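As structure tokens, the structure follows; a few thoughts come after it.
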Amino acid sequence: MTLSLFDTEPAAPERLDVGAVLLRGFATAQAGQWVAEVQALQAASPFRIMQVPGGKSMSVATTSCGEWGWISDAGGYRYSAANPQTGGSWPAMPVFLASQAQAAARAAGYAGFVPDTCLINRYRPGARMGLHRDQDEADFAAPIVSVSLGLGCTFLWGGLRRQDPVRRIALLHGDVLVWGGPTRLTYHGVSPLKEGHHHLLADERWNLTFRMAKAGYPAR
Ligand code: MD3
Ligand code: FE
């Protein structure tokens with residue numbers, strides 16, 4: 001393979017495990033549009049810090065778009081059709097975001113992925129996400145598509161049991177990760193974000209996760 005400084009082609013899909021595919025740089029060429037779309041969503045539904053059921057605050061700020069939004073409060077974690085901040089619905093999922101997520105899923109071998117929600121996480125230096133599983137969705141046959149923008153992070157990728165060993169994987173601006181199949185319920189997390197400067201997002205990292213919260217997979 002020939003490497004060029006001017007090469008903006010995304011790398012070939014990298015298989016991390018059964019059902020887990022890393023598309024390095026899949027979102028890099030259109031990163032400006034990704035950022036502009038998230039900024040536009042902020043007007044209707046800004047990032048805010050949610051409480052976890054134990055009463056503490058998350059260090060990551062979140063918002064959602066689409067039919068459903070992921071929320072956390074004293075009552076637990078769940079998907080809600082209403083944004084508790086406004087009482088209204090979530091902003092619609094922009095067509096660009098939905099179609100890019102669908103294309104990434106297809107490139108990873110998951111045809112029929114039609115997300116009904118996108119959770120957007122904002123990390124600032126020190127923000128982290130402890131080891132957890134994503135298990136609030138209706139159909140674990142549906143994959144999750146994750147898009148990383150801005151500062152890079154160390155992603156923690158464990159196994160199907162909490163005590164399994166954890167791999168550390170660098171996730172960089174533009175990387176897209178697709179998880180499904182046998183690794184759908186893998187424990188994962190994010191190490192505290194390090195200080196840094198990114199030309200588009202300054203000292204922030206944004207992560208978008210596209211999910212089928214309520215719909216069965218594949219969509220029909
Ligand atoms: C592996 N977000 O929002 S994305 C989350 O970078 C979350 O903000 C992280 O974990 C972030 O729930 C990691 C990558 C990811 C997302 C979902 C997964 C990896 C996953 C579900 C199952 C296994
Ligand atoms: Fe997660």
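A note on labels: chains of the structure tokens are A, B, ... as shown, every chain counts residues from 1, and ligands are counted from 1 in their shown order.
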Original post:
So which residues touch Phe96 in chain A within 10 Å, counting only C-alpha atoms, skipping near sequence neighbours fewer than 6 positions away, as number ranges by chain?
Top reply: A: 33-34, 37, 102
What would the file look like if the residues just selected were written as a PDB file, in the first residue's frame with C-alpha atoms?
```
ATOM      1  CA  GLN A  33     -20.092  18.960   8.489  1.00  0.00           C
ATOM      2  CA  TRP A  34     -20.265  16.583  11.470  1.00  0.00           C
ATOM      3  CA  GLU A  37     -24.576  19.456  12.513  1.00  0.00           C
ATOM      4  CA  GLN A 102     -26.081   3.808   8.083  1.00  0.00           C
TER       5      GLN A 102
END
```
Would you tabulate, counting only C-alpha atoms and all ligand atoms, all residues of chain A that have an atom at most 8 Å from an atom of ligand 2, showing the closest pair of atoms and their distance in Å to one decimal, sorted by chain then ascending number, as a Markdown table?
```
| residue | atom | partner | partner_atom_place_in_ligand_line | distance |
| --- | --- | --- | --- | --- |
| A:His132 | CA | ligand 2 | 1 (Fe) | 6.3 |
| A:Arg133 | CA | ligand 2 | 1 (Fe) | 5.8 |
| A:Asp134 | CA | ligand 2 | 1 (Fe) | 4.9 |
| A:Tyr187 | CA | ligand 2 | 1 (Fe) | 7.9 |
| A:His188 | CA | ligand 2 | 1 (Fe) | 6.3 |
| A:Gly189 | CA | ligand 2 | 1 (Fe) | 6.7 |
```
**OP:** Find the residues around range 70-77 of chain A up to 9 Å (only C-alpha atoms counted), leave out those fewer than 2 positions away in its own chain, and share them as a list in words.
**Re:**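 What passes the distance filter is Met50, Gln51, Val52, Pro53, Gly54, Gly55, Thr62, Thr63, Ser64, Trp68, Tyr79, Ser80, Ala81, Asn83, Pro84, Thr117, Cys118, Leu119, Asp136 and Ala213 of chain A.
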Original post:
Out of A:Asp203, A:Asp116, A:Asp17, A:Glu67, which residue has the shortest atom-to-atom distance to Gly158 in chain A when counting only C-alpha atoms?
Top reply: A:Asp17
**OP:** May I ask for the distance between atom 12 (O, counted along the ligand's line) of ligand 1 and CA of Ala108 in chain A, given in Å to one decimal place?
**Re:** 19.2 Å
Original post:
Mind checking DSSP for chain A and telling me the alpha helix (DSSP H) residues as JSON, numbers by chain?
Top reply: {"A": [31, 32, 33, 34, 35, 36, 37, 38, 39, 40, 41, 42, 43, 44, 95, 96, 97, 98, 99, 100, 101, 102, 103, 104, 105, 106, 107]}
Kindly save the residues from that selection, with N, CA, C and O atoms included, as a CSV table (one decimal), in the first residue's frame.
```csv
chain,number,residue,atom,x,y,z
A,31,ALA,N,-15.5,16.0,8.4
A,31,ALA,CA,-15.6,16.3,9.8
A,31,ALA,C,-16.2,17.7,10.1
A,31,ALA,O,-17.0,17.9,11.0
A,32,GLY,N,-16.0,18.7,9.2
A,32,GLY,CA,-16.5,20.0,9.3
A,32,GLY,C,-18.1,19.9,9.3
A,32,GLY,O,-18.7,20.6,10.1
A,33,GLN,N,-18.6,19.1,8.5
A,33,GLN,CA,-20.1,19.0,8.5
A,33,GLN,C,-20.6,18.3,9.7
A,33,GLN,O,-21.6,18.6,10.3
A,34,TRP,N,-19.9,17.2,10.2
A,34,TRP,CA,-20.3,16.6,11.5
A,34,TRP,C,-20.3,17.6,12.6
A,34,TRP,O,-21.3,17.7,13.4
A,35,VAL,N,-19.3,18.4,12.7
A,35,VAL,CA,-19.3,19.4,13.8
A,35,VAL,C,-20.4,20.4,13.6
A,35,VAL,O,-21.1,20.8,14.6
A,36,ALA,N,-20.6,20.9,12.4
A,36,ALA,CA,-21.7,21.9,12.2
A,36,ALA,C,-23.0,21.3,12.5
A,36,ALA,O,-23.9,22.0,13.1
A,37,GLU,N,-23.3,20.1,12.2
A,37,GLU,CA,-24.6,19.5,12.5
A,37,GLU,C,-24.8,19.4,14.0
A,37,GLU,O,-25.9,19.7,14.5
A,38,VAL,N,-23.7,19.0,14.8
A,38,VAL,CA,-23.9,18.9,16.2
A,38,VAL,C,-24.1,20.3,16.8
A,38,VAL,O,-24.9,20.5,17.7
A,39,GLN,N,-23.4,21.3,16.3
A,39,GLN,CA,-23.5,22.7,16.8
A,39,GLN,C,-25.0,23.1,16.5
A,39,GLN,O,-25.6,23.8,17.4
A,40,ALA,N,-25.5,22.8,15.4
A,40,ALA,CA,-26.9,23.2,15.1
A,40,ALA,C,-27.9,22.6,16.1
A,40,ALA,O,-28.9,23.2,16.5
A,41,LEU,N,-27.6,21.3,16.4
A,41,LEU,CA,-28.5,20.7,17.4
A,41,LEU,C,-28.5,21.3,18.8
A,41,LEU,O,-29.5,21.2,19.5
A,42,GLN,N,-27.4,22.0,19.1
A,42,GLN,CA,-27.3,22.6,20.4
A,42,GLN,C,-28.3,23.6,20.7
A,42,GLN,O,-28.7,23.9,21.9
A,43,ALA,N,-28.8,24.3,19.7
A,43,ALA,CA,-29.8,25.3,19.9
A,43,ALA,C,-31.1,24.8,20.5
A,43,ALA,O,-31.7,25.3,21.4
A,44,ALA,N,-31.5,23.6,20.0
A,44,ALA,CA,-32.8,23.0,20.5
A,44,ALA,C,-32.6,22.2,21.7
A,44,ALA,O,-33.4,22.0,22.6
A,95,VAL,N,-30.5,14.3,8.5
A,95,VAL,CA,-30.3,13.3,7.5
A,95,VAL,C,-28.9,13.0,7.2
A,95,VAL,O,-28.5,11.8,7.0
A,96,PHE,N,-28.0,14.0,7.3
A,96,PHE,CA,-26.6,13.7,7.1
A,96,PHE,C,-26.1,12.7,8.2
A,96,PHE,O,-25.4,11.7,7.8
A,97,LEU,N,-26.4,12.9,9.4
A,97,LEU,CA,-26.0,12.0,10.5
A,97,LEU,C,-26.5,10.6,10.3
A,97,LEU,O,-25.8,9.6,10.4
A,98,ALA,N,-27.8,10.5,10.0
A,98,ALA,CA,-28.4,9.2,9.9
A,98,ALA,C,-27.8,8.4,8.7
A,98,ALA,O,-27.6,7.2,8.8
A,99,SER,N,-27.6,9.1,7.6
A,99,SER,CA,-27.1,8.4,6.4
A,99,SER,C,-25.7,8.0,6.5
A,99,SER,O,-25.3,6.9,6.1
A,100,GLN,N,-24.9,8.9,7.2
A,100,GLN,CA,-23.5,8.5,7.4
A,100,GLN,C,-23.4,7.3,8.4
A,100,GLN,O,-22.6,6.4,8.2
A,101,ALA,N,-24.2,7.3,9.4
A,101,ALA,CA,-24.2,6.1,10.4
A,101,ALA,C,-24.6,4.9,9.7
A,101,ALA,O,-24.0,3.8,9.9
A,102,GLN,N,-25.6,5.0,8.8
A,102,GLN,CA,-26.1,3.8,8.1
A,102,GLN,C,-25.0,3.3,7.1
A,102,GLN,O,-24.8,2.1,7.0
A,103,ALA,N,-24.3,4.2,6.5
A,103,ALA,CA,-23.2,3.8,5.6
A,103,ALA,C,-22.1,3.2,6.3
A,103,ALA,O,-21.5,2.2,5.8
A,104,ALA,N,-21.8,3.7,7.5
A,104,ALA,CA,-20.7,3.0,8.3
A,104,ALA,C,-21.1,1.6,8.7
A,104,ALA,O,-20.3,0.7,8.7
A,105,ALA,N,-22.3,1.5,9.2
A,105,ALA,CA,-22.8,0.1,9.5
A,105,ALA,C,-22.7,-0.8,8.4
A,105,ALA,O,-22.3,-2.0,8.5
A,106,ARG,N,-23.1,-0.4,7.2
A,106,ARG,CA,-23.1,-1.2,6.0
A,106,ARG,C,-21.7,-1.6,5.7
A,106,ARG,O,-21.4,-2.7,5.4
A,107,ALA,N,-20.7,-0.6,5.8
A,107,ALA,CA,-19.3,-0.9,5.5
A,107,ALA,C,-18.8,-2.0,6.5
A,107,ALA,O,-17.8,-2.6,6.2
```
**OP:** Go through the chains and note each residue within 9 Å of ligand 1, using only C-alpha atoms and all ligand atoms, then give the set as a PyMOL selection string.
**Re:** chain A and resi 20+60+62+119-123+128-135+143-148+153-158+171+176-180+183-190+205-211
Write to file, as a short mmCIF file (atom, residue, chain, number, x, y, z; two decimals), in the first residue's frame, the residues of the selection just made, with N, CA and C atoms.
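Result written to part_9.cif:
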```cif
data_model
loop_
_atom_site.label_atom_id
_atom_site.label_comp_id
_atom_site.auth_asym_id
_atom_site.auth_seq_id
_atom_site.Cartn_x
_atom_site.Cartn_y
_atom_site.Cartn_z
N ALA A 20 -17.02 -6.69 15.81
CA ALA A 20 -16.57 -5.33 16.14
C ALA A 20 -15.59 -4.84 15.08
N VAL A 60 -19.22 13.55 31.94
CA VAL A 60 -19.48 13.78 30.52
C VAL A 60 -20.81 14.52 30.39
N THR A 62 -24.10 15.43 28.02
CA THR A 62 -24.77 14.67 26.96
C THR A 62 -25.99 15.40 26.39
N LEU A 119 -27.02 9.43 20.71
CA LEU A 119 -26.56 10.02 21.97
C LEU A 119 -25.25 10.74 21.69
N ILE A 120 -25.15 11.99 22.11
CA ILE A 120 -23.95 12.78 21.86
C ILE A 120 -23.29 13.09 23.20
N ASN A 121 -22.04 12.67 23.35
CA ASN A 121 -21.29 12.88 24.59
C ASN A 121 -20.21 13.92 24.37
N ARG A 122 -20.08 14.85 25.31
CA ARG A 122 -19.01 15.85 25.24
C ARG A 122 -18.04 15.65 26.41
N TYR A 123 -16.78 15.40 26.08
CA TYR A 123 -15.73 15.24 27.09
C TYR A 123 -14.86 16.49 27.11
N ARG A 128 -14.53 11.28 32.03
CA ARG A 128 -14.29 9.87 31.77
C ARG A 128 -15.62 9.13 31.76
N MET A 129 -15.56 7.88 31.34
CA MET A 129 -16.75 7.03 31.44
C MET A 129 -16.30 5.69 31.98
N GLY A 130 -16.85 5.32 33.13
CA GLY A 130 -16.47 4.06 33.77
C GLY A 130 -16.94 2.86 32.96
N LEU A 131 -16.39 1.70 33.27
CA LEU A 131 -16.74 0.47 32.56
C LEU A 131 -18.24 0.19 32.72
N HIS A 132 -18.90 -0.05 31.63
CA HIS A 132 -20.33 -0.34 31.65
C HIS A 132 -20.68 -1.11 30.39
N ARG A 133 -21.92 -1.62 30.34
CA ARG A 133 -22.46 -2.22 29.12
C ARG A 133 -23.64 -1.38 28.65
N ASP A 134 -23.86 -1.32 27.36
CA ASP A 134 -25.04 -0.63 26.84
C ASP A 134 -26.15 -1.68 26.78
N GLN A 135 -27.10 -1.60 27.69
CA GLN A 135 -28.12 -2.65 27.76
C GLN A 135 -29.52 -2.07 27.93
N PRO A 143 -26.50 -3.41 15.91
CA PRO A 143 -25.20 -2.89 16.32
C PRO A 143 -25.33 -1.46 16.85
N ILE A 144 -24.21 -0.93 17.33
CA ILE A 144 -24.10 0.48 17.71
C ILE A 144 -22.99 1.07 16.86
N VAL A 145 -23.19 2.27 16.36
CA VAL A 145 -22.18 2.96 15.56
C VAL A 145 -21.69 4.16 16.37
N SER A 146 -20.38 4.25 16.59
CA SER A 146 -19.83 5.33 17.39
C SER A 146 -18.85 6.16 16.57
N VAL A 147 -18.97 7.48 16.65
CA VAL A 147 -18.15 8.40 15.86
C VAL A 147 -17.39 9.31 16.83
N SER A 148 -16.07 9.40 16.68
CA SER A 148 -15.25 10.22 17.56
C SER A 148 -14.77 11.47 16.83
N CYS A 153 -8.78 9.90 22.52
CA CYS A 153 -8.93 9.36 23.88
C CYS A 153 -8.41 7.94 23.92
N THR A 154 -8.30 7.42 25.14
CA THR A 154 -8.02 6.00 25.32
C THR A 154 -9.33 5.31 25.64
N PHE A 155 -9.74 4.46 24.73
CA PHE A 155 -10.99 3.71 24.87
C PHE A 155 -10.65 2.39 25.57
N LEU A 156 -11.46 2.01 26.54
CA LEU A 156 -11.24 0.79 27.31
C LEU A 156 -12.21 -0.26 26.83
N TRP A 157 -11.69 -1.38 26.43
CA TRP A 157 -12.51 -2.41 25.85
C TRP A 157 -12.28 -3.73 26.57
N GLY A 158 -13.24 -4.13 27.35
CA GLY A 158 -13.12 -5.34 28.16
C GLY A 158 -13.76 -6.53 27.48
N LEU A 171 -8.69 6.09 20.26
CA LEU A 171 -9.73 6.54 19.32
C LEU A 171 -9.43 7.98 18.96
N VAL A 176 -14.52 5.76 13.36
CA VAL A 176 -15.87 5.22 13.55
C VAL A 176 -15.75 3.75 13.94
N LEU A 177 -16.50 3.41 14.98
CA LEU A 177 -16.45 2.07 15.53
C LEU A 177 -17.85 1.47 15.42
N VAL A 178 -17.94 0.25 14.94
CA VAL A 178 -19.23 -0.42 14.82
C VAL A 178 -19.17 -1.71 15.64
N TRP A 179 -20.13 -1.85 16.56
CA TRP A 179 -20.14 -3.00 17.46
C TRP A 179 -21.44 -3.74 17.31
N GLY A 180 -21.34 -5.05 17.12
CA GLY A 180 -22.56 -5.84 17.07
C GLY A 180 -22.24 -7.29 17.35
N THR A 183 -20.07 -9.35 20.42
CA THR A 183 -19.42 -8.37 21.32
C THR A 183 -20.34 -7.19 21.65
N ARG A 184 -21.60 -7.29 21.29
CA ARG A 184 -22.54 -6.19 21.52
C ARG A 184 -22.63 -5.82 23.01
N LEU A 185 -22.49 -6.81 23.90
CA LEU A 185 -22.66 -6.53 25.33
C LEU A 185 -21.31 -6.49 26.06
N THR A 186 -20.27 -6.13 25.34
CA THR A 186 -18.94 -5.99 25.92
C THR A 186 -18.89 -4.82 26.91
N TYR A 187 -18.17 -5.02 28.02
CA TYR A 187 -17.90 -3.91 28.94
C TYR A 187 -16.91 -2.95 28.29
N HIS A 188 -17.18 -1.66 28.40
CA HIS A 188 -16.30 -0.66 27.78
C HIS A 188 -16.36 0.64 28.56
N GLY A 189 -15.39 1.51 28.31
CA GLY A 189 -15.34 2.80 28.99
C GLY A 189 -14.31 3.70 28.32
N VAL A 190 -14.11 4.87 28.92
CA VAL A 190 -13.17 5.86 28.37
C VAL A 190 -12.32 6.40 29.52
N ARG A 205 -13.65 16.57 23.27
CA ARG A 205 -13.89 15.38 22.45
C ARG A 205 -15.39 15.16 22.41
N TRP A 206 -15.92 14.95 21.23
CA TRP A 206 -17.33 14.61 21.07
C TRP A 206 -17.41 13.17 20.57
N ASN A 207 -18.36 12.44 21.15
CA ASN A 207 -18.61 11.09 20.68
C ASN A 207 -20.10 10.94 20.40
N LEU A 208 -20.43 10.47 19.22
CA LEU A 208 -21.83 10.24 18.85
C LEU A 208 -22.06 8.74 18.78
N THR A 209 -23.07 8.24 19.47
CA THR A 209 -23.42 6.83 19.33
C THR A 209 -24.83 6.71 18.77
N PHE A 210 -24.89 6.04 17.64
CA PHE A 210 -26.17 5.80 16.95
C PHE A 210 -26.67 4.43 17.35
N ARG A 211 -27.93 4.39 17.77
CA ARG A 211 -28.50 3.14 18.25
C ARG A 211 -29.91 2.93 17.70
#
```
Original post:
How many Å lie between CA of Phe113 in chain A and CA of Gly181 in chain A, rounded to one decimal?
Top reply: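 Calculated distance between CA of Phe113 in chain A and CA of Gly181 in chain A is 13.0 Å.
Across the structure, CA of Pro94 in chain A and CA of Cys65 in chain A are spaced 8.3 Å apart.
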Subject >> Among listed residues A:Ala142, A:Gln85, A:Asp175, A:Val18, nearest Pro46 in chain A (using only C-alpha atoms) >> reply: A:Gln85
